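File shown here: start_14.pdb, holding PDB, C-alpha atoms.
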```pdb
ATOM      1  CA  SER S  17       0.000   0.000   0.000  1.00  0.00           C
ATOM      2  CA  PHE S  18       1.007   3.599  -0.474  1.00  0.00           C
ATOM      3  CA  ASN S  19       0.727   6.462   1.955  1.00  0.00           C
ATOM      4  CA  ALA S  20       0.619  10.037   0.768  1.00  0.00           C
ATOM      5  CA  ARG S  21       0.772  13.351   2.514  1.00  0.00           C
ATOM      6  CA  LEU S  22      -2.514  14.939   1.516  1.00  0.00           C
ATOM      7  CA  THR S  23      -3.615  18.314   2.738  1.00  0.00           C
ATOM      8  CA  GLN S  24      -6.060  19.404   0.041  1.00  0.00           C
ATOM      9  CA  HIS S  25      -8.662  16.637  -0.103  1.00  0.00           C
ATOM     10  CA  PRO S  26     -11.694  18.293   1.533  1.00  0.00           C
ATOM     11  CA  ASN S  27     -12.767  15.161   3.414  1.00  0.00           C
ATOM     12  CA  SER S  28      -9.329  14.114   4.587  1.00  0.00           C
ATOM     13  CA  PRO S  29      -8.381  14.339   8.252  1.00  0.00           C
ATOM     14  CA  ALA S  30      -5.362  16.394   7.141  1.00  0.00           C
ATOM     15  CA  ALA S  31      -7.514  19.108   5.579  1.00  0.00           C
ATOM     16  CA  LYS S  32      -9.843  19.207   8.566  1.00  0.00           C
ATOM     17  CA  SER S  33      -7.105  19.323  11.199  1.00  0.00           C
ATOM     18  CA  LYS S  34      -4.636  21.511   9.238  1.00  0.00           C
ATOM     19  CA  GLN S  35      -1.881  19.105  10.308  1.00  0.00           C
ATOM     20  CA  ILE S  36       0.450  17.050   8.202  1.00  0.00           C
ATOM     21  CA  ILE S  37      -0.617  13.448   8.549  1.00  0.00           C
ATOM     22  CA  PHE S  38      -0.377  10.338   6.448  1.00  0.00           C
ATOM     23  CA  GLU S  39      -3.438   8.515   5.260  1.00  0.00           C
ATOM     24  CA  GLU S  40      -4.024   5.486   3.082  1.00  0.00           C
ATOM     25  CA  ILE S  41      -4.481   6.247  -0.591  1.00  0.00           C
ATOM     26  CA  GLY S  42      -6.766   3.252  -0.830  1.00  0.00           C
ATOM     27  CA  PRO S  43      -7.724   0.876  -3.617  1.00  0.00           C
ATOM     28  CA  SER S  44      -8.470   1.766  -7.207  1.00  0.00           C
ATOM     29  CA  GLY S  45     -11.552   3.951  -7.351  1.00  0.00           C
ATOM     30  CA  SER S  46     -11.296   5.231  -3.770  1.00  0.00           C
ATOM     31  CA  ILE S  47     -12.096   8.895  -3.142  1.00  0.00           C
ATOM     32  CA  VAL S  48      -8.582   9.722  -1.922  1.00  0.00           C
ATOM     33  CA  ARG S  49      -6.868   7.891  -4.802  1.00  0.00           C
ATOM     34  CA  ASN S  50      -9.137   9.590  -7.362  1.00  0.00           C
ATOM     35  CA  HIS S  51      -8.416  12.984  -5.800  1.00  0.00           C
ATOM     36  CA  LEU S  52      -4.673  12.335  -5.887  1.00  0.00           C
ATOM     37  CA  GLN S  53      -4.855  11.276  -9.541  1.00  0.00           C
ATOM     38  CA  GLN S  54      -6.785  14.454 -10.396  1.00  0.00           C
ATOM     39  CA  GLN S  55      -4.193  16.594  -8.607  1.00  0.00           C
ATOM     40  CA  ILE S  56      -1.335  14.892 -10.455  1.00  0.00           C
ATOM     41  CA  ALA S  57      -3.137  15.198 -13.804  1.00  0.00           C
ATOM     42  CA  GLY S  58      -3.573  18.926 -13.169  1.00  0.00           C
ATOM     43  CA  LEU S  59       0.114  19.631 -12.600  1.00  0.00           C
ATOM     44  CA  GLY S  60       1.728  21.905 -15.157  1.00  0.00           C
ATOM     45  CA  THR S  61       4.682  20.448 -17.040  1.00  0.00           C
ATOM     46  CA  ARG S  62       6.038  23.543 -18.710  1.00  0.00           C
ATOM     47  CA  GLY S  63       8.354  26.137 -17.306  1.00  0.00           C
ATOM     48  CA  GLY S  64      11.304  26.152 -14.957  1.00  0.00           C
ATOM     49  CA  THR S  65      12.208  23.403 -12.572  1.00  0.00           C
ATOM     50  CA  ASN S  66      14.103  23.730  -9.323  1.00  0.00           C
ATOM     51  CA  LEU S  67      15.173  20.100  -9.602  1.00  0.00           C
ATOM     52  CA  TYR S  68      17.920  20.186  -7.000  1.00  0.00           C
ATOM     53  CA  GLN S  69      15.860  22.278  -4.576  1.00  0.00           C
ATOM     54  CA  ALA S  70      12.970  19.791  -4.832  1.00  0.00           C
ATOM     55  CA  ILE S  71      15.196  16.779  -4.153  1.00  0.00           C
ATOM     56  CA  PHE S  72      16.967  18.571  -1.306  1.00  0.00           C
ATOM     57  CA  GLU S  73      13.654  19.471   0.393  1.00  0.00           C
ATOM     58  CA  ALA S  74      12.291  15.948  -0.054  1.00  0.00           C
ATOM     59  CA  LEU S  75      15.402  14.433   1.545  1.00  0.00           C
ATOM     60  CA  ARG S  76      15.390  17.044   4.308  1.00  0.00           C
ATOM     61  CA  TYR S  77      11.836  16.042   5.228  1.00  0.00           C
ATOM     62  CA  PHE S  78      13.087  12.675   6.522  1.00  0.00           C
ATOM     63  CA  ARG S  79      14.968  14.508   9.286  1.00  0.00           C
ATOM     64  CA  SER S  80      12.096  16.863  10.116  1.00  0.00           C
ATOM     65  CA  PRO S  81      10.135  16.670  13.386  1.00  0.00           C
ATOM     66  CA  SER S  82       6.921  15.790  11.516  1.00  0.00           C
ATOM     67  CA  TYR S  83       8.530  12.675  10.030  1.00  0.00           C
ATOM     68  CA  GLN S  84      10.245  11.697  13.274  1.00  0.00           C
ATOM     69  CA  VAL S  85       7.014  11.483  15.297  1.00  0.00           C
ATOM     70  CA  PRO S  86       6.239   7.769  15.611  1.00  0.00           C
ATOM     71  CA  GLU S  87       2.816   6.630  14.489  1.00  0.00           C
ATOM     72  CA  ALA S  88       1.217   3.504  15.897  1.00  0.00           C
ATOM     73  CA  ASN S  89       0.744   0.636  13.445  1.00  0.00           C
ATOM     74  CA  VAL S  90       2.360   2.517  10.557  1.00  0.00           C
ATOM     75  CA  LYS S  91       5.203   0.981   8.587  1.00  0.00           C
ATOM     76  CA  ARG S  92       7.064   3.653   6.672  1.00  0.00           C
ATOM     77  CA  PHE S  93       9.070   3.196   3.533  1.00  0.00           C
ATOM     78  CA  PRO S  94      11.566   6.052   3.238  1.00  0.00           C
ATOM     79  CA  VAL S  95      11.590   6.628  -0.493  1.00  0.00           C
ATOM     80  CA  VAL S  96      11.581   9.579  -2.867  1.00  0.00           C
ATOM     81  CA  VAL S  97      10.465   8.981  -6.454  1.00  0.00           C
ATOM     82  CA  LEU S  98      11.793  11.592  -8.857  1.00  0.00           C
ATOM     83  CA  LEU S  99      10.250  11.919 -12.304  1.00  0.00           C
ATOM     84  CA  ALA S 100      12.279  14.463 -14.247  1.00  0.00           C
ATOM     85  CA  ASP S 101      13.652  15.524 -17.578  1.00  0.00           C
ATOM     86  CA  GLY S 102      16.932  16.205 -15.795  1.00  0.00           C
ATOM     87  CA  GLN S 103      16.855  19.949 -16.268  1.00  0.00           C
ATOM     88  CA  ASP S 104      17.399  22.359 -13.390  1.00  0.00           C
ATOM     89  CA  ASP S 105      16.601  25.991 -14.124  1.00  0.00           C
ATOM     90  CA  GLY S 106      19.462  27.242 -11.956  1.00  0.00           C
ATOM     91  CA  TYR S 107      17.345  29.738 -10.008  1.00  0.00           C
ATOM     92  CA  SER S 108      17.645  27.922  -6.684  1.00  0.00           C
ATOM     93  CA  ALA S 109      20.495  28.404  -4.241  1.00  0.00           C
ATOM     94  CA  ILE S 110      20.658  24.594  -3.925  1.00  0.00           C
ATOM     95  CA  ASN S 111      22.982  22.840  -6.342  1.00  0.00           C
ATOM     96  CA  ARG S 112      23.867  19.269  -7.282  1.00  0.00           C
ATOM     97  CA  THR S 113      26.747  19.044  -4.775  1.00  0.00           C
ATOM     98  CA  GLN S 114      24.462  20.021  -1.895  1.00  0.00           C
ATOM     99  CA  VAL S 115      21.927  17.368  -2.935  1.00  0.00           C
ATOM    100  CA  LEU S 116      24.615  14.683  -3.007  1.00  0.00           C
ATOM    101  CA  GLN S 117      25.787  15.771   0.472  1.00  0.00           C
ATOM    102  CA  LYS S 118      22.219  15.716   1.834  1.00  0.00           C
ATOM    103  CA  ARG S 119      21.710  12.258   0.342  1.00  0.00           C
ATOM    104  CA  LYS S 120      24.662  10.992   2.408  1.00  0.00           C
ATOM    105  CA  GLN S 121      22.971  12.321   5.573  1.00  0.00           C
ATOM    106  CA  VAL S 122      19.857  10.227   4.967  1.00  0.00           C
ATOM    107  CA  GLU S 123      21.370   6.893   3.944  1.00  0.00           C
ATOM    108  CA  GLU S 124      18.151   5.010   4.724  1.00  0.00           C
ATOM    109  CA  VAL S 125      16.151   6.924   2.102  1.00  0.00           C
ATOM    110  CA  GLU S 126      15.892   5.365  -1.337  1.00  0.00           C
ATOM    111  CA  LEU S 127      15.900   7.834  -4.225  1.00  0.00           C
ATOM    112  CA  LYS S 128      14.246   6.291  -7.270  1.00  0.00           C
ATOM    113  CA  VAL S 129      14.760   8.242 -10.482  1.00  0.00           C
ATOM    114  CA  ILE S 130      12.833   8.068 -13.736  1.00  0.00           C
ATOM    115  CA  GLY S 131      14.206  10.186 -16.546  1.00  0.00           C
ATOM    116  CA  PHE S 132      11.221  10.933 -18.777  1.00  0.00           C
ATOM    117  CA  GLY S 133      12.227  11.824 -22.313  1.00  0.00           C
ATOM    118  CA  VAL S 134      15.907  11.509 -21.385  1.00  0.00           C
ATOM    119  CA  THR S 135      18.241   9.905 -23.914  1.00  0.00           C
ATOM    120  CA  PRO S 136      19.797   6.735 -22.455  1.00  0.00           C
ATOM    121  CA  ASN S 137      23.555   6.994 -21.833  1.00  0.00           C
ATOM    122  CA  SER S 138      23.511  10.778 -22.289  1.00  0.00           C
ATOM    123  CA  GLU S 139      25.144  13.233 -19.887  1.00  0.00           C
ATOM    124  CA  THR S 140      21.697  14.106 -18.497  1.00  0.00           C
ATOM    125  CA  HIS S 141      21.019  10.403 -17.908  1.00  0.00           C
ATOM    126  CA  ARG S 142      24.373  10.003 -16.141  1.00  0.00           C
ATOM    127  CA  GLN S 143      23.692  12.994 -13.885  1.00  0.00           C
ATOM    128  CA  LEU S 144      20.226  11.735 -12.952  1.00  0.00           C
ATOM    129  CA  CYS S 145      21.597   8.271 -12.188  1.00  0.00           C
ATOM    130  CA  GLU S 146      24.229   9.788  -9.917  1.00  0.00           C
ATOM    131  CA  LEU S 147      21.342  10.961  -7.712  1.00  0.00           C
ATOM    132  CA  ALA S 148      19.607   7.572  -7.550  1.00  0.00           C
ATOM    133  CA  ARG S 149      20.031   5.184  -4.656  1.00  0.00           C
ATOM    134  CA  PRO S 150      20.275   2.326  -5.407  1.00  0.00           C
ATOM    135  CA  VAL S 151      21.745   3.128  -8.826  1.00  0.00           C
ATOM    136  CA  ALA S 152      19.747   0.261 -10.357  1.00  0.00           C
ATOM    137  CA  ASP S 153      16.639   2.368  -9.683  1.00  0.00           C
ATOM    138  CA  CYS S 154      17.630   4.950 -12.283  1.00  0.00           C
ATOM    139  CA  LEU S 155      15.482   4.325 -15.315  1.00  0.00           C
ATOM    140  CA  VAL S 156      14.562   6.203 -18.484  1.00  0.00           C
ATOM    141  CA  THR S 157      11.514   6.152 -20.714  1.00  0.00           C
ATOM    142  CA  SER S 158       9.635   8.279 -23.195  1.00  0.00           C
ATOM    143  CA  SER S 159       6.511   6.117 -23.219  1.00  0.00           C
ATOM    144  CA  THR S 160       3.631   6.880 -20.856  1.00  0.00           C
ATOM    145  CA  THR S 161       2.691   3.185 -20.793  1.00  0.00           C
ATOM    146  CA  GLU S 162       6.222   2.206 -19.804  1.00  0.00           C
ATOM    147  CA  LEU S 163       6.249   5.040 -17.261  1.00  0.00           C
ATOM    148  CA  GLN S 164       3.221   3.507 -15.526  1.00  0.00           C
ATOM    149  CA  THR S 165       4.970   0.129 -15.456  1.00  0.00           C
ATOM    150  CA  LEU S 166       8.131   1.677 -13.984  1.00  0.00           C
ATOM    151  CA  ILE S 167       6.216   3.476 -11.245  1.00  0.00           C
ATOM    152  CA  ARG S 168       4.388   0.267 -10.352  1.00  0.00           C
ATOM    153  CA  SER S 169       7.751  -1.524 -10.158  1.00  0.00           C
ATOM    154  CA  PHE S 170       8.705   0.802  -7.288  1.00  0.00           C
ATOM    155  CA  THR S 171       5.756  -0.284  -5.147  1.00  0.00           C
ATOM    156  CA  ARG S 172       5.951  -2.599  -2.176  1.00  0.00           C
ATOM    157  CA  SER S 173       3.134  -4.644  -0.739  1.00  0.00           C
TER
END
```

With the file now loaded, output its structure as structure tokens.
Amino acid sequence: SFNARLTQHPNSPAAKSKQIIFEEIGPSGSIVRNHLQQQIAGLGTRGGTNLYQAIFEALRYFRSPSYQVPEANVKRFPVVVLLADGQDDGYSAINRTQVLQKRKQVEEVELKVIGFGVTPNSETHRQLCELARPVADCLVTSSTTELQTLIRSFTRS
């Protein structure tokens, strides 16, 4: 099963309490899963990307007080899944070196990378794979069908 940090679903405990909590996404067709899919579908894919800033913040979260609070009967899987074209717009103060240093501070966190539209064995591919942990979880695709298969391959039951 997956857990997601949801704060916008109007019926979620997170939205009602204004706190960051984790809740089950649920099976196919569930209200929360459908809401999450709608939110993802509505994301814009054009414009600048603070790639390194996003990875840095995601990794930093695993050391934050909200992640450290133990929850009864919750098994956590410390993983970040990055779907990227490999481009960083350069507007963030965070750079690649800082991300690699932060990654060393959170050894237990897996960083799965999918390069979408990235040419295999290119410099962009190499740089994305340098971020992945384990390195075997650095994959590339330009097919949306294959992308779905790759994302499913990252799941755990």

- Query: Quick one: which residues end up in the PyMOL selection byres ((chain S and resi 158) around 7) for this structure, as number ranges by chain?
  - Reply: S: 132-133, 157, 159-160

- Task: Around the point (23.8, 11.1, -16.5), in the coordinates given by the file, pick out the residues reaching within 12 Å, counting all atoms listed in the file, and return them as a ChimeraX atom specification.
- Result: /S:101-103,129-131,134-148,151,154-156

- Message: Need to verify the contact set: Val95 (chain S), 8 Å, all atoms listed in the file, exclusion of same-chain residues closer than 4 positions in sequence. Can you return it as a PyMOL selection string?
- Response: chain S and resi 125-128

- Written as a PyMOL selection string, what is the full residue list that the PyMOL selection byres ((chain S and resi 116) around 10) yields on the file shown? chain S and resi 68+71-72+111-115+117-121+146-148

- Looking at S:Glu124, S:Ile47, S:Ala109, S:Leu52, which one is nearest to Phe93 (chain S), with distances taken over only C-alpha atoms?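 Closest to Phe93 (chain S), using only C-alpha atoms: S:Glu124.
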
- Message: Could you list, as a ChimeraX atom specification, every residue matched by the PyMOL selection byres ((chain S and resi 108) around 7) in this structure?
- Response: /S:66,69,106-107,109-110

- Task: Enter the distance from CA of Arg149 (chain S) to CA of Phe170 (chain S), in Å, rounded to one decimal.
- Result: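 CA of Phe170 (chain S) lies at a distance of 12.4 Å from CA of Arg149 (chain S).
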
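The gap separating CA of Gln54 (chain S) from CA of Leu99 (chain S) is 17.3 Å, in Å to one decimal.
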
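Take CA of Asp153 (chain S) and CA of Leu75 (chain S): the distance between them is 16.5 Å.
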
Atoms are missing here; could region 90-124 of chain S be completed with N, CA and C atoms and written as a PDB file, in the frame of the given file?
```pdb
ATOM      1  N   VAL S  90       2.031   1.981  11.875  1.00  0.00           N
ATOM      2  CA  VAL S  90       2.360   2.517  10.557  1.00  0.00           C
ATOM      3  C   VAL S  90       3.774   2.080  10.199  1.00  0.00           C
ATOM      4  N   LYS S  91       3.888   1.363   9.093  1.00  0.00           N
ATOM      5  CA  LYS S  91       5.203   0.981   8.587  1.00  0.00           C
ATOM      6  C   LYS S  91       5.558   1.959   7.475  1.00  0.00           C
ATOM      7  N   ARG S  92       6.649   2.647   7.643  1.00  0.00           N
ATOM      8  CA  ARG S  92       7.064   3.653   6.672  1.00  0.00           C
ATOM      9  C   ARG S  92       8.124   3.093   5.741  1.00  0.00           C
ATOM     10  N   PHE S  93       8.070   3.549   4.518  1.00  0.00           N
ATOM     11  CA  PHE S  93       9.070   3.196   3.533  1.00  0.00           C
ATOM     12  C   PHE S  93       9.728   4.496   3.089  1.00  0.00           C
ATOM     13  N   PRO S  94      10.915   4.788   3.590  1.00  0.00           N
ATOM     14  CA  PRO S  94      11.566   6.052   3.238  1.00  0.00           C
ATOM     15  C   PRO S  94      12.051   6.039   1.785  1.00  0.00           C
ATOM     16  N   VAL S  95      11.260   6.626   0.930  1.00  0.00           N
ATOM     17  CA  VAL S  95      11.590   6.628  -0.493  1.00  0.00           C
ATOM     18  C   VAL S  95      11.119   7.934  -1.129  1.00  0.00           C
ATOM     19  N   VAL S  96      11.934   8.430  -2.044  1.00  0.00           N
ATOM     20  CA  VAL S  96      11.581   9.579  -2.867  1.00  0.00           C
ATOM     21  C   VAL S  96      11.596   9.081  -4.307  1.00  0.00           C
ATOM     22  N   VAL S  97      10.517   9.334  -5.037  1.00  0.00           N
ATOM     23  CA  VAL S  97      10.465   8.981  -6.454  1.00  0.00           C
ATOM     24  C   VAL S  97      10.533  10.282  -7.249  1.00  0.00           C
ATOM     25  N   LEU S  98      11.563  10.392  -8.055  1.00  0.00           N
ATOM     26  CA  LEU S  98      11.793  11.592  -8.857  1.00  0.00           C
ATOM     27  C   LEU S  98      11.496  11.286 -10.317  1.00  0.00           C
ATOM     28  N   LEU S  99      10.557  12.002 -10.882  1.00  0.00           N
ATOM     29  CA  LEU S  99      10.250  11.919 -12.304  1.00  0.00           C
ATOM     30  C   LEU S  99      10.697  13.246 -12.905  1.00  0.00           C
ATOM     31  N   ALA S 100      11.696  13.199 -13.778  1.00  0.00           N
ATOM     32  CA  ALA S 100      12.279  14.463 -14.247  1.00  0.00           C
ATOM     33  C   ALA S 100      12.847  14.327 -15.645  1.00  0.00           C
ATOM     34  N   ASP S 101      12.962  15.480 -16.291  1.00  0.00           N
ATOM     35  CA  ASP S 101      13.652  15.524 -17.578  1.00  0.00           C
ATOM     36  C   ASP S 101      15.136  15.821 -17.377  1.00  0.00           C
ATOM     37  N   GLY S 102      15.533  15.988 -16.116  1.00  0.00           N
ATOM     38  CA  GLY S 102      16.932  16.205 -15.795  1.00  0.00           C
ATOM     39  C   GLY S 102      17.376  17.648 -15.816  1.00  0.00           C
ATOM     40  N   GLN S 103      16.484  18.546 -16.149  1.00  0.00           N
ATOM     41  CA  GLN S 103      16.855  19.949 -16.268  1.00  0.00           C
ATOM     42  C   GLN S 103      16.588  20.701 -14.970  1.00  0.00           C
ATOM     43  N   ASP S 104      17.559  21.460 -14.530  1.00  0.00           N
ATOM     44  CA  ASP S 104      17.399  22.359 -13.390  1.00  0.00           C
ATOM     45  C   ASP S 104      17.522  23.772 -13.941  1.00  0.00           C
ATOM     46  N   ASP S 105      16.594  24.641 -13.549  1.00  0.00           N
ATOM     47  CA  ASP S 105      16.601  25.991 -14.124  1.00  0.00           C
ATOM     48  C   ASP S 105      17.696  26.890 -13.575  1.00  0.00           C
ATOM     49  N   GLY S 106      18.351  26.469 -12.494  1.00  0.00           N
ATOM     50  CA  GLY S 106      19.462  27.242 -11.956  1.00  0.00           C
ATOM     51  C   GLY S 106      19.071  28.431 -11.108  1.00  0.00           C
ATOM     52  N   TYR S 107      17.790  28.591 -10.802  1.00  0.00           N
ATOM     53  CA  TYR S 107      17.345  29.738 -10.008  1.00  0.00           C
ATOM     54  C   TYR S 107      17.414  29.489  -8.509  1.00  0.00           C
ATOM     55  N   SER S 108      17.595  28.260  -8.103  1.00  0.00           N
ATOM     56  CA  SER S 108      17.645  27.922  -6.684  1.00  0.00           C
ATOM     57  C   SER S 108      19.069  28.063  -6.161  1.00  0.00           C
ATOM     58  N   ALA S 109      19.171  28.342  -4.875  1.00  0.00           N
ATOM     59  CA  ALA S 109      20.495  28.404  -4.241  1.00  0.00           C
ATOM     60  C   ALA S 109      21.063  27.002  -4.026  1.00  0.00           C
ATOM     61  N   ILE S 110      20.221  25.983  -4.123  1.00  0.00           N
ATOM     62  CA  ILE S 110      20.658  24.594  -3.925  1.00  0.00           C
ATOM     63  C   ILE S 110      21.217  24.060  -5.238  1.00  0.00           C
ATOM     64  N   ASN S 111      22.377  23.403  -5.143  1.00  0.00           N
ATOM     65  CA  ASN S 111      22.982  22.840  -6.342  1.00  0.00           C
ATOM     66  C   ASN S 111      23.172  21.329  -6.191  1.00  0.00           C
ATOM     67  N   ARG S 112      23.680  20.718  -7.225  1.00  0.00           N
ATOM     68  CA  ARG S 112      23.867  19.269  -7.282  1.00  0.00           C
ATOM     69  C   ARG S 112      24.750  18.754  -6.139  1.00  0.00           C
ATOM     70  N   THR S 113      25.832  19.452  -5.848  1.00  0.00           N
ATOM     71  CA  THR S 113      26.747  19.044  -4.775  1.00  0.00           C
ATOM     72  C   THR S 113      26.031  19.000  -3.436  1.00  0.00           C
ATOM     73  N   GLN S 114      25.201  19.994  -3.160  1.00  0.00           N
ATOM     74  CA  GLN S 114      24.462  20.021  -1.895  1.00  0.00           C
ATOM     75  C   GLN S 114      23.472  18.860  -1.807  1.00  0.00           C
ATOM     76  N   VAL S 115      22.859  18.502  -2.923  1.00  0.00           N
ATOM     77  CA  VAL S 115      21.927  17.368  -2.935  1.00  0.00           C
ATOM     78  C   VAL S 115      22.679  16.076  -2.637  1.00  0.00           C
ATOM     79  N   LEU S 116      23.831  15.898  -3.251  1.00  0.00           N
ATOM     80  CA  LEU S 116      24.615  14.683  -3.007  1.00  0.00           C
ATOM     81  C   LEU S 116      25.074  14.609  -1.549  1.00  0.00           C
ATOM     82  N   GLN S 117      25.414  15.748  -0.950  1.00  0.00           N
ATOM     83  CA  GLN S 117      25.787  15.771   0.472  1.00  0.00           C
ATOM     84  C   GLN S 117      24.590  15.431   1.352  1.00  0.00           C
ATOM     85  N   LYS S 118      23.434  15.992   1.054  1.00  0.00           N
ATOM     86  CA  LYS S 118      22.219  15.716   1.834  1.00  0.00           C
ATOM     87  C   LYS S 118      21.852  14.239   1.722  1.00  0.00           C
ATOM     88  N   ARG S 119      22.018  13.676   0.545  1.00  0.00           N
ATOM     89  CA  ARG S 119      21.710  12.258   0.342  1.00  0.00           C
ATOM     90  C   ARG S 119      22.547  11.377   1.266  1.00  0.00           C
ATOM     91  N   LYS S 120      23.795  11.753   1.500  1.00  0.00           N
ATOM     92  CA  LYS S 120      24.662  10.992   2.408  1.00  0.00           C
ATOM     93  C   LYS S 120      24.174  11.065   3.849  1.00  0.00           C
ATOM     94  N   GLN S 121      23.471  12.148   4.203  1.00  0.00           N
ATOM     95  CA  GLN S 121      22.971  12.321   5.573  1.00  0.00           C
ATOM     96  C   GLN S 121      21.737  11.471   5.849  1.00  0.00           C
ATOM     97  N   VAL S 122      21.072  11.037   4.809  1.00  0.00           N
ATOM     98  CA  VAL S 122      19.857  10.227   4.967  1.00  0.00           C
ATOM     99  C   VAL S 122      20.032   8.916   4.200  1.00  0.00           C
ATOM    100  N   GLU S 123      21.007   8.142   4.618  1.00  0.00           N
ATOM    101  CA  GLU S 123      21.370   6.893   3.944  1.00  0.00           C
ATOM    102  C   GLU S 123      20.198   5.932   3.790  1.00  0.00           C
ATOM    103  N   GLU S 124      19.256   5.969   4.740  1.00  0.00           N
ATOM    104  CA  GLU S 124      18.151   5.010   4.724  1.00  0.00           C
ATOM    105  C   GLU S 124      17.092   5.332   3.667  1.00  0.00           C
TER     106      GLU S 124
END
```
